[in-house]
Amino acid sequence: MKQEISNDQMVGTAVTEKNHQENHQEIVTTDFDALAEKAMSRRGFLSTCVGIGAGAFVMGMSSSFPMSALAAHHGGKRFTFEPVAANTLDTVIVPKGYSWHVVSSWGDPLWSKGVAFDHATRGTGESQELAFGDNNDGMALFTVGDKQILAVNNEYVNLKVMFGNNESLKPVTEDDVRKCKAAHGVTIMEVTNSGGQWSVVKDSSYNRRITADSPMEITGPARGHDLLKTSEDPEGIISKGTWNNCGNGRTPWGTYLACEENFNGYFSSSDESYEISPEFKRYGIKHKDRGYGWSMTDDRFDMSKEPNEANRAGYIVEIDPADPTATPKKRTALGRFKHENAELVVADNNCVVVYLGDDERGEFLYKFVSKKRYKKNGNNSNLLEDGDLYVAKFEDGGKGEWLKLTPKTTGMKSKAEICIHTRLAASAVGATTMDRPEWVAANPTKKEVYCALTNNKNRGKKPNAGGDETPVGGPNPREVNNYGQIVRWIPARGDHTSTKFTWDLFVMAGNPTVHKDAYAGSANVNASNMFNSPDGLAFDKHGTLWIQTDGKYSNEGDFEGQGNNQMLAADPETGEIRRFMVGPRECEITGITWSEDLKTMFVGIQHPGEKGKGESSFPEGGNSVPRSSIVAITKDDGGYIG
């Protein structure tokens with residue numbers, strides 16, 4: 001499907017400047033005020049603010065960008081595309097000179113014995129088990145011989161859409177539950193490019209659905225722990241299923257990392273008097289689930305019958321996309337929390353370092369350092385099985401420290417307990433509560449790392465679920481933060497294994513057409529590129545940072561003029577940000593990967609029309625059911641994306 005509306009046609013929808021001022025909470029003044037003023041100042045940004053050059057918070061960070069790489073693909077220019085205007089259309093808009101088409105949508109069959117998506121029934125359990133899952137999120141493209149294998153998370157299902165033909169808008173029958181479970185997990189599929197159009201190779205030997213019922217091997221410190229033993233698995237070594245996989249990661253040895261996030265919403269209790277433990281409460285587990293109803297057919301989701309099952313979810317899952325027979329592995333050494341993504345780098349000493357965000361208001365930012373070292377062309381299959389887990393503490397003044405989580409520092413009995421109750425361990429050492437740490441991305445051209453702090457309406461107002469305070473300051477400088485920001489840090493001496501780092505803020509999202517204070521955002525945010533709630537982050541090979549949003553699309557009030565969710569490109573050296581893409585109505589833009597030649601960008605369109613009220617019929621239009629999809633973006637002249 002080609003782009004139907006050109007960027008030229010969008011010129012008339014460009015945002016206009018307004019001086020409308022909304023009532024907002026007053027900025028809390030702290031000891032960090034002087035530093036925060038630099039971060040938020042729109043007067044002195046070009047000379048002193050965060051986000052330009054090395055940043056103002058931490059001096060001496062700058063290193064020149066290798067322009068030779070860019071010169072080879074862009075004539076020395078970072079950006080060659082014309083920015084796209086904000087809009088509220090029900091389609092994908094990309095810059096002039098670019099086109100897009102759908103690669104796969106929820107319900108598309110992966111095998112010939114599957115059936116095409118049925119808009120009337122929205123499919124059955126059997127058809128879904130043979131098809132692409134729902135709500136695609138993080139993804140990565142792997143080259144296996146001469147094949148291109150795409151691994152994609154299917155985070156959750158949109159109940160109002162999937163069961164829009166049920167009066168309750170929820171699963172009712174056993175087959176409804178079967179379909180719902182089958183739409184979760186991970187889809188692995190071979191894709192091919194024919195005549196500039198990417199499509200799924202049906203019946204490929206690599207095609208695979210990993211769902212909420214697939215066997216998983218439990219590895220690492222928590223393997224066999226009493227808290228992981230169930231009636232079905234008394235040894236605590238084999239779990240069943242992965243679900244609510246949000247962002248992703250990939251390893252240099254060719255495996256895919258799926259990240260279990262909001263696992264808590266699938267558990268319930270048939271016994272209303274069942275006492276929920278403080279540990280479960282910290283992870284948001286309640287007597288009622290979020291409408292999925294899996295306990296109707298599967299006792300492991302009834303905590304009064306299987307009290308340990310929830311302890312077996314919330315991990316990083318390592319999958320080999322090149323081996324359809326390989327059992328996915330839950331890597332407990334990387335901690336248990338609401339994982340967003342897993343950004344892996346190999347340190348100079350060849351230890352593997354994985355940066356990890358816990359996506360909930362007031363939770364923490366982590367990193368894992370492997371015990372063993374990466375060996376190029378060696379056997380690295382168990383590098384994520386053992387290592388040290390750290391949590392971040394940010395200091396005012398642009399310095400920070402990674403705090404090691406050990407039985408001694410946390411007061412916990414064992415490393416296994418730390419890996420199961422990681423949030424409690426982080427609270428025990430006094431880590432910094434963050435504004436929902438989402439995707440982490442490491443710059444491939446220099447030793448620096450970025451994290452999207454998407455928003456936090458509770459900042460300065462309420463503690464997190466563990467009772468940790470959420471004061472205004474440090475990398476979280478705004479009370480009632482509805483816009484979000486991106487923090488970046490540089491490890492001491494350029495060593496990713498170091499426990500010390502320096503940090504600044506690359507950008508603070510906002511709305512300068514509505515606000516003139518800190519809520520206008522940092523000065524690299526203006527009327528033509530403004531956005532809210534940065535979520536997905538990824539660098540391409542040339543060091544351009546791509547920012548995807550999952551925020552408010554009301555296009556009114558604080559969000560007036562910001563339109564649908566979008567994807568932007570950012571220059572880490574200058575702070576310049578340009579809007580590259582806008583998605584259809586009520587969607588989130590999430591998931592990104594590239595073809596090996598960088599001439600195709602794959603992007604996820606998640607939950608278009610999520611409210612189930614007919615606002616979207618993406619991607620097919622008309623009266624069709626809106627479906628989450630992967631789109632491929634190419635340049636019309638066959639050049640590199642960016």
# chains A, B, ... in the order shown; residues from 1 in each chain; ligands from 1
call {"tool": "residues_around", "arguments": {"residues": "Phe280 in chain A", "least_positions_apart": "2", "cutoff": "10 Å", "atoms": "only C-alpha atoms", "output": "list in words"}}
result
Asn264, Glu275, Ile276, Ser277, Pro278, Arg282, Tyr283, Gly284, Ile285, Lys286, Pro307, Ala310, Asn311 and His421 of chain A
call {"tool": "atom_distance", "arguments": {"atom1": "CA of Trp198 in chain A", "atom2": "CA of Gly107 in chain A"}}
result
17.2 Å
call {"tool": "residues_around", "arguments": {"residues": "Glu190 in chain A", "least_positions_apart": "2", "cutoff": "6 Å", "atoms": "only C-alpha atoms", "output": "list in words"}}
result
Gln148, Ile149, Val200 and Val201 of chain A
call {"tool": "write_last_selection", "arguments": {"atoms": "C-alpha atoms", "output": "PDB file, in the first residue's frame"}}
result
ATOM      1  CA  GLN A 148      15.892 -12.439   6.037  1.00  0.00           C
ATOM      2  CA  ILE A 149      14.219 -13.393   9.314  1.00  0.00           C
ATOM      3  CA  VAL A 200       6.085 -12.693   4.384  1.00  0.00           C
ATOM      4  CA  VAL A 201       7.324 -15.978   2.927  1.00  0.00           C
TER       5      VAL A 201
END
